[in-house]
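I have placed the structure first, in the form of structure tokens, so that the comments after it can refer back to it.
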Amino acid sequence: MLSQNLCSMFRLAISRSKFMHTATNIGNNVISKSHLLAPETQDSLTTHLEYLFRACSDASLLQQVRQVHTQVVVGGMNDICSLSSRILGLYVLCVRIKDAGNLFFRLELCHALPWNWMIRGLYMLEWFDFALLFYFKMLGSKVSPDKYTFPYVIKACGGLNNVPLCMVIHNMARLMGFHVDLFVGSALIKLYADNGYIHDARLVFDELPQRDTILWNVMLHGYVKIGDFENAIGTFRDMRTSYSRPNSVTYTCILSICAMKGKFCVGTQLHGLVIGSGFEFDPQVANTLVAMYSKCGNLLDAHKLFNTMSQTDIVSWNGLMAGYVQNGFSDEAAPLFNAMISAGVKPDAVTFASFLPSLLKSGSLKHCKEVHGYIVRHRVPFDVYLKSALIDIYFKGGDVKMAFKIFQLNTLVDVAVCTAMISGYVLNGLNRDAINIFRWLIKEGMVPNCLTMASVLPACAAMAAIKLGKELHCDILKKRLENIVNVGSAITDMYAKCGRVDLAYEFFRRMSQRDSVCWNSMLSSFSQNGKPEMAIDLFRQMGISGAKYDTVSLSSALSAASNLSALYYGKEMHACVIRNAFSFDTFVASALIDMYSKCGKLALARCVFDLMDGKNEVSWNSIIAAYGNHGFPRECLDLFHEMLGAGIHPDHVTFLVILSACGHAGLVDEGIHYFRRMTTEYGISARMEHYACMVDLYGRAGRLHEAFDTMKSMPFTPDAGVWGTLLGACRLHGNVDLAKLASRHLVDLDPKNSGYYVLLSNVHADAGEWASVLKIRSLMKEKGVQKIPGYSWIDVNGGTHMFSAADGNHPKSVEIYLILKSLLPELRKQVDGEEVTSTVYKFCIYFGDEAFHKQAKQEIEHN
């Protein structure tokens, strides 16, 4: 597809075509009237023109070119195509496009040479759309392009970032057999690599019969640009076995990706090759080595190398400083910055881009603003790196307006700046703004890279915009970016947070490379979406694959074990926590407390809590919840006061746990007291879940009217969860009228939730209203509401077994159902009457026994 600019140029071409045709005819008439003079003069002029071409870098040659042109015209030799085309080329090289154009329209335009010079000249002036216009006019004039035409046409496409148009031109070059030419291939590879189409670049590269060092370096740079370490190293190895020898640019390129990816071992091996090749004293290579050692965390060797350098410049200092900041040594960055100033090295934009993040970590946004003021006062060149760094720190400091002002400050905007804006908006929860910036980026003709894609996908996940997420996934597949780890992690997370865990896992399984972030994303997705058994299985696979566990993976796996109430797995993970020295991590310890609590081991949960050194609100909330869930409300409240005594400020979760504990223990007055303290004393606004706890508190105590009054006093409309809590209380105390009111609201708010229908059905069943029970069951069938089967887990000999209603997947299901069938008649013998009939009915429904189900149903209808 052509760009809008190119389309407008075509329209312009139509209006100018008559002029070009007339000019060409005039030129042909002039040429037809000329005649050849003095062959020795022609030879002399040809020799002179060749000399001028060799010295074309001299700006004073324009006068000589005009003199030769005059001789050609006066001598009647302007019909000699080779002479006139050479003069045209010299005008182009002297950047005299107007003189070149005047001569061009007087030539016989039946050969590719004059067209090639005009296309080249227009490209040199960055008039890319005009260059493409001349190319298509050339085709329209039935002049066949040659191998010298395509490189500058392809470069013009690159200037417009128009890869689809380049693919059309590529196909034409292939049809004419020029795609294997070194210069055409080089132009194609550079365009594809620069625009992220690295797979297409590699296809062209592999087709070329000859590849020089420059071409190998272009491919290497393409892989480095998208962060593809494996292919970059593979390309470097292939280059070493070829006839092309790596140069300083090669080593700089490959070392930079080692620094980017933290590949210290590979970097040290490359350092040995650098020394063996004699490039260790090359300033560019030495600077990249310093950056590699420092960014890989080996700051001691980086300093040693820095001190042995014969001459250091701003690049050397910047590489060392970036290593300190990126490895978390923010306090050491300031002395290094002062040492650089003392050495007489003036900081540049890259220096500040590296130094600013350290200020935000060690100080506050105020210090960053002071440095920003210094940058403005000293007129430090404001490039895209510095602009991105300033945008990033203001977003991380919470000053969204200032970040946007910097974005709008001038026209200096590229993909990196837009990516900083997108990730900043996502960080601050402004996901719609992030997507708008992404759309603006596309509209402006910029090509998003892998970091851009990895930044915008979380916005889709937060908004559950799965349609846009799928569109981005398709674009990623087209550009072959799906195997880049951070992009793959973002895709997995997007699908999981949009409720499609199946698609997330399907993509995860196809990923060729996975880091800990990918594993953690999938682990937490399974754990949070009701698939704890798959989370535990994935946790084991992660260990087998050699991926390192971190706090996130351990916390997610422990959460899955707690949801399964699988003590055996939980203890295994606890041992893993101890082996990997994560025992003192607050979040892992909190997950351990939660796991032991939900597995019924309150003493072990308290033991983990007591052994913790640094306790925060998360760990206190975990242990308070543990005691509350186990029916120890007094201990729960005592722990709350201990928390206050330790100087930990309670949050909304703390009070949620306390209100729940009071509700389960029937401590209504205490619950009311702490609810009031939350809002008045601590200034925490009550959320929907707090009101649900208060409704539950009153409902369990049988004070249903107070529960209903609490709902009416809420500052916002009760959701399905609050009405469901009231319905559950109605079932507990047999209030059919209020249950009907609650159910009417629930049908409107959540019509597909089978749990509410079952609750109302049980209310009627408890009241003996069996006709209403059947009516509700029929209503569920009419509306297509399916009851989600409940799951049960049992731990036998260290193995967890999962069951659901009418489940036949268990390997011993036949034996289990035989025992159930033998138990049902025994149950009927023990109790008589309507009560046992309804009990058997429910029992049969749960276990899916059709024969007993029908018999019980007939007895209920008969009664």
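In the structure tokens, the first chain shown is A, the next is B, and so on; residue numbers restart at 1 for each chain, and ligands run from 1 in the order shown.
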
Which residues are near Ile536 in chain A? Cut-off 8 Å, only C-alpha atoms, ignore same chain within fewer than 2 positions. Put them as number ranges by chain.
A: 532-534, 538-540, 557, 560-561

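Nearest to Asp594 in chain A of all the residues A:Leu732, A:Leu558, A:Leu360, A:Ala535 is A:Leu558, counting only C-alpha atoms.
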
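Distance-wise, CA of Ala462 in chain A and CA of Val426 in chain A end up 8.6 Å apart.
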
Can you pull out every residue within 9 Å of Ala490 in chain A, counting only C-alpha atoms, but drop anything in the same chain fewer than 4 positions away, and send it as a PDB file with N, CA, C and O atoms, in the first residue's frame?
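Contents of around_14.pdb, as written:
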```pdb
ATOM      1  N   MET A 453       5.491  -3.063  21.703  1.00  0.00           N
ATOM      2  CA  MET A 453       4.447  -4.096  21.782  1.00  0.00           C
ATOM      3  C   MET A 453       4.314  -4.632  23.204  1.00  0.00           C
ATOM      4  O   MET A 453       3.205  -4.831  23.712  1.00  0.00           O
ATOM      5  N   ALA A 454       5.464  -4.863  23.856  1.00  0.00           N
ATOM      6  CA  ALA A 454       5.432  -5.371  25.227  1.00  0.00           C
ATOM      7  C   ALA A 454       4.868  -4.346  26.201  1.00  0.00           C
ATOM      8  O   ALA A 454       4.382  -4.708  27.274  1.00  0.00           O
ATOM      9  N   SER A 455       4.890  -3.065  25.832  1.00  0.00           N
ATOM     10  CA  SER A 455       4.366  -2.004  26.696  1.00  0.00           C
ATOM     11  C   SER A 455       2.869  -1.791  26.510  1.00  0.00           C
ATOM     12  O   SER A 455       2.159  -1.489  27.474  1.00  0.00           O
ATOM     13  N   VAL A 456       2.370  -1.941  25.266  1.00  0.00           N
ATOM     14  CA  VAL A 456       0.958  -1.643  25.010  1.00  0.00           C
ATOM     15  C   VAL A 456       0.057  -2.842  25.326  1.00  0.00           C
ATOM     16  O   VAL A 456      -1.128  -2.662  25.652  1.00  0.00           O
ATOM     17  N   LEU A 457       0.594  -4.058  25.269  1.00  0.00           N
ATOM     18  CA  LEU A 457      -0.237  -5.234  25.568  1.00  0.00           C
ATOM     19  C   LEU A 457      -0.792  -5.238  26.997  1.00  0.00           C
ATOM     20  O   LEU A 457      -1.948  -5.634  27.201  1.00  0.00           O
ATOM     21  N   PRO A 458      -0.020  -4.794  28.019  1.00  0.00           N
ATOM     22  CA  PRO A 458      -0.617  -4.710  29.363  1.00  0.00           C
ATOM     23  C   PRO A 458      -1.806  -3.762  29.456  1.00  0.00           C
ATOM     24  O   PRO A 458      -2.701  -3.962  30.285  1.00  0.00           O
ATOM     25  N   ALA A 461      -4.641  -5.768  28.410  1.00  0.00           N
ATOM     26  CA  ALA A 461      -4.975  -6.716  29.481  1.00  0.00           C
ATOM     27  C   ALA A 461      -5.780  -6.026  30.577  1.00  0.00           C
ATOM     28  O   ALA A 461      -6.774  -6.566  31.066  1.00  0.00           O
ATOM     29  N   VAL A 485      11.341 -12.742  24.285  1.00  0.00           N
ATOM     30  CA  VAL A 485      10.795 -13.193  25.569  1.00  0.00           C
ATOM     31  C   VAL A 485       9.819 -12.203  26.177  1.00  0.00           C
ATOM     32  O   VAL A 485       8.728 -12.585  26.618  1.00  0.00           O
ATOM     33  N   ASN A 486      10.186 -10.911  26.208  1.00  0.00           N
ATOM     34  CA  ASN A 486       9.288  -9.950  26.869  1.00  0.00           C
ATOM     35  C   ASN A 486       7.980  -9.771  26.096  1.00  0.00           C
ATOM     36  O   ASN A 486       6.927  -9.541  26.699  1.00  0.00           O
ATOM     37  N   MET A 494      -1.689 -10.987  28.631  1.00  0.00           N
ATOM     38  CA  MET A 494      -2.869 -10.328  28.064  1.00  0.00           C
ATOM     39  C   MET A 494      -4.033 -11.307  27.934  1.00  0.00           C
ATOM     40  O   MET A 494      -5.156 -11.026  28.356  1.00  0.00           O
ATOM     41  N   TYR A 495      -3.766 -12.487  27.365  1.00  0.00           N
ATOM     42  CA  TYR A 495      -4.827 -13.479  27.196  1.00  0.00           C
ATOM     43  C   TYR A 495      -5.366 -13.951  28.542  1.00  0.00           C
ATOM     44  O   TYR A 495      -6.577 -14.114  28.723  1.00  0.00           O
ATOM     45  N   CYS A 518       8.064 -15.144  32.008  1.00  0.00           N
ATOM     46  CA  CYS A 518       7.074 -15.947  31.269  1.00  0.00           C
ATOM     47  C   CYS A 518       6.467 -17.024  32.170  1.00  0.00           C
ATOM     48  O   CYS A 518       5.243 -17.192  32.213  1.00  0.00           O
ATOM     49  N   SER A 521       4.224 -15.452  34.857  1.00  0.00           N
ATOM     50  CA  SER A 521       2.957 -14.966  34.307  1.00  0.00           C
ATOM     51  C   SER A 521       1.965 -16.107  34.158  1.00  0.00           C
ATOM     52  O   SER A 521       0.787 -15.988  34.527  1.00  0.00           O
TER      53      SER A 521
END
```

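Each of A:Ala646, A:Ala343, A:Ile97, A:Leu738 was checked against Val763 in chain A using only C-alpha atoms; the smallest atom-to-atom distance is that of A:Leu738.
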
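Proximity ranking of A:Met172, A:Leu639, A:Leu320, A:Ala591 relative to Val608 in chain A places A:Ala591 first, based on only C-alpha atoms.
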
Extract, using only C-alpha atoms, all DNA, RNA and protein residues at most 10 Å from Thr710 in chain A, discarding same-chain residues fewer than 5 positions from it, and format them as a list in words.
Tyr691, Ala692, Met694, Val695, Tyr698, Leu704 and His705 of chain A

Write the residues of the selection above to a file with C-alpha atoms, as an mmCIF file, in the first residue's frame.
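To be explicit, this is the file written out as out09.cif:
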```cif
data_model
loop_
_atom_site.group_PDB
_atom_site.id
_atom_site.type_symbol
_atom_site.label_atom_id
_atom_site.label_comp_id
_atom_site.auth_asym_id
_atom_site.auth_seq_id
_atom_site.Cartn_x
_atom_site.Cartn_y
_atom_site.Cartn_z
ATOM 1 C CA TYR A 691 -20.388 -3.374 53.133
ATOM 2 C CA ALA A 692 -20.763 -7.019 52.061
ATOM 3 C CA MET A 694 -21.389 -5.844 57.339
ATOM 4 C CA VAL A 695 -24.417 -7.389 55.604
ATOM 5 C CA TYR A 698 -25.941 -8.767 60.528
ATOM 6 C CA LEU A 704 -31.828 -9.274 58.471
ATOM 7 C CA HIS A 705 -33.632 -5.926 58.577
#
```

To one decimal place in Å, what is the distance between CA of Glu681 in chain A and CA of Arg634 in chain A?
21.0 Å

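The gap separating CA of Arg700 in chain A from CA of Leu644 in chain A is 28.6 Å, in Å to one decimal.
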
I want to know what sits within 9 Å of Asp392 in chain A, based on only C-alpha atoms, with residues of the same chain fewer than 5 positions away left out; could you give that as a ChimeraX atom specification?
/A:357,387,397,403,420-421,423-424

Could you pull out all residues of range 646-821 of chain A with a DSSP call of helix (DSSP H, G or I) and give them as a VMD selection string?
chain A and resid 652 to 665 668 to 680 688 to 700 704 to 712 720 to 733 736 to 749 754 to 766 770 to 782 813 to 821

Near Lys369 in chain A, counting only C-alpha atoms, which residues have an atom at most 12 Å away, once you skip same-chain residues fewer than 3 positions from it, shown as a PyMOL selection string?
chain A and resi 356-357+359-360+363-366+372-376+390-391+393-394+397+399+402-403

Output for the residues just chosen: N, CA and C atoms as a PDB file, in the first residue's frame:
```pdb
ATOM      1  N   LEU A 356      19.728  10.096  35.777  1.00  0.00           N
ATOM      2  CA  LEU A 356      18.434  10.503  36.352  1.00  0.00           C
ATOM      3  C   LEU A 356      17.710   9.379  37.105  1.00  0.00           C
ATOM      4  N   PRO A 357      17.659   8.122  36.582  1.00  0.00           N
ATOM      5  CA  PRO A 357      16.962   7.066  37.342  1.00  0.00           C
ATOM      6  C   PRO A 357      17.544   6.830  38.727  1.00  0.00           C
ATOM      7  N   LEU A 359      18.648   9.058  40.756  1.00  0.00           N
ATOM      8  CA  LEU A 359      18.125  10.096  41.659  1.00  0.00           C
ATOM      9  C   LEU A 359      16.738   9.727  42.162  1.00  0.00           C
ATOM     10  N   LEU A 360      15.920   9.157  41.289  1.00  0.00           N
ATOM     11  CA  LEU A 360      14.560   8.772  41.695  1.00  0.00           C
ATOM     12  C   LEU A 360      14.585   7.625  42.689  1.00  0.00           C
ATOM     13  N   GLY A 363      16.577   9.265  46.011  1.00  0.00           N
ATOM     14  CA  GLY A 363      16.021  10.485  46.582  1.00  0.00           C
ATOM     15  C   GLY A 363      14.543  10.627  46.315  1.00  0.00           C
ATOM     16  N   SER A 364      14.194  11.739  45.694  1.00  0.00           N
ATOM     17  CA  SER A 364      12.784  11.984  45.401  1.00  0.00           C
ATOM     18  C   SER A 364      12.677  12.691  44.067  1.00  0.00           C
ATOM     19  N   LEU A 365      11.465  12.965  43.668  1.00  0.00           N
ATOM     20  CA  LEU A 365      11.236  13.650  42.399  1.00  0.00           C
ATOM     21  C   LEU A 365      11.802  15.065  42.423  1.00  0.00           C
ATOM     22  N   LYS A 366      11.937  15.613  43.608  1.00  0.00           N
ATOM     23  CA  LYS A 366      12.476  16.974  43.740  1.00  0.00           C
ATOM     24  C   LYS A 366      13.891  17.056  43.176  1.00  0.00           C
ATOM     25  N   HIS A 372      16.794  18.445  36.081  1.00  0.00           N
ATOM     26  CA  HIS A 372      16.085  18.904  34.878  1.00  0.00           C
ATOM     27  C   HIS A 372      16.337  20.400  34.667  1.00  0.00           C
ATOM     28  N   GLY A 373      16.310  21.154  35.749  1.00  0.00           N
ATOM     29  CA  GLY A 373      16.603  22.588  35.662  1.00  0.00           C
ATOM     30  C   GLY A 373      18.022  22.847  35.173  1.00  0.00           C
ATOM     31  N   TYR A 374      18.973  22.051  35.651  1.00  0.00           N
ATOM     32  CA  TYR A 374      20.372  22.169  35.212  1.00  0.00           C
ATOM     33  C   TYR A 374      20.473  21.911  33.707  1.00  0.00           C
ATOM     34  N   ILE A 375      19.768  20.882  33.238  1.00  0.00           N
ATOM     35  CA  ILE A 375      19.793  20.542  31.804  1.00  0.00           C
ATOM     36  C   ILE A 375      19.288  21.709  30.963  1.00  0.00           C
ATOM     37  N   VAL A 376      18.211  22.336  31.431  1.00  0.00           N
ATOM     38  CA  VAL A 376      17.620  23.456  30.681  1.00  0.00           C
ATOM     39  C   VAL A 376      18.566  24.665  30.704  1.00  0.00           C
ATOM     40  N   LEU A 390      13.505  11.554  30.957  1.00  0.00           N
ATOM     41  CA  LEU A 390      12.733  12.530  31.727  1.00  0.00           C
ATOM     42  C   LEU A 390      11.263  12.110  31.814  1.00  0.00           C
ATOM     43  N   ILE A 391      10.712  11.665  30.701  1.00  0.00           N
ATOM     44  CA  ILE A 391       9.315  11.188  30.701  1.00  0.00           C
ATOM     45  C   ILE A 391       9.168  10.032  31.682  1.00  0.00           C
ATOM     46  N   ILE A 393      11.014   9.208  34.395  1.00  0.00           N
ATOM     47  CA  ILE A 393      11.112   9.532  35.830  1.00  0.00           C
ATOM     48  C   ILE A 393       9.889  10.309  36.309  1.00  0.00           C
ATOM     49  N   TYR A 394       9.334  11.162  35.457  1.00  0.00           N
ATOM     50  CA  TYR A 394       8.131  11.899  35.888  1.00  0.00           C
ATOM     51  C   TYR A 394       6.935  10.955  36.031  1.00  0.00           C
ATOM     52  N   GLY A 397       7.475   9.063  39.162  1.00  0.00           N
ATOM     53  CA  GLY A 397       7.251   9.951  40.304  1.00  0.00           C
ATOM     54  C   GLY A 397       5.801  10.366  40.457  1.00  0.00           C
ATOM     55  N   ASP A 399       4.018  12.267  38.382  1.00  0.00           N
ATOM     56  CA  ASP A 399       3.679  13.561  37.775  1.00  0.00           C
ATOM     57  C   ASP A 399       3.353  13.348  36.296  1.00  0.00           C
ATOM     58  N   MET A 402       3.432  16.604  33.897  1.00  0.00           N
ATOM     59  CA  MET A 402       4.761  17.050  33.498  1.00  0.00           C
ATOM     60  C   MET A 402       5.343  16.131  32.435  1.00  0.00           C
ATOM     61  N   ALA A 403       5.100  14.842  32.561  1.00  0.00           N
ATOM     62  CA  ALA A 403       5.580  13.897  31.551  1.00  0.00           C
ATOM     63  C   ALA A 403       4.971  14.213  30.187  1.00  0.00           C
TER      64      ALA A 403
END
```

Residue neighbourhood Asp348 in chain A, 12 Å, only C-alpha atoms, exclusion window fewer than 5 positions, as a VMD selection string:
chain A and resid 313 to 315 317 to 318 337 340 to 341 353 to 355 374 to 375 378 to 383 385 to 386

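Distance annotation: of A:Asn616, A:Thr351, A:Ser761, A:Ser316, the residue with the minimal separation from Ala333 in chain A is A:Thr351; atom set is only C-alpha atoms.
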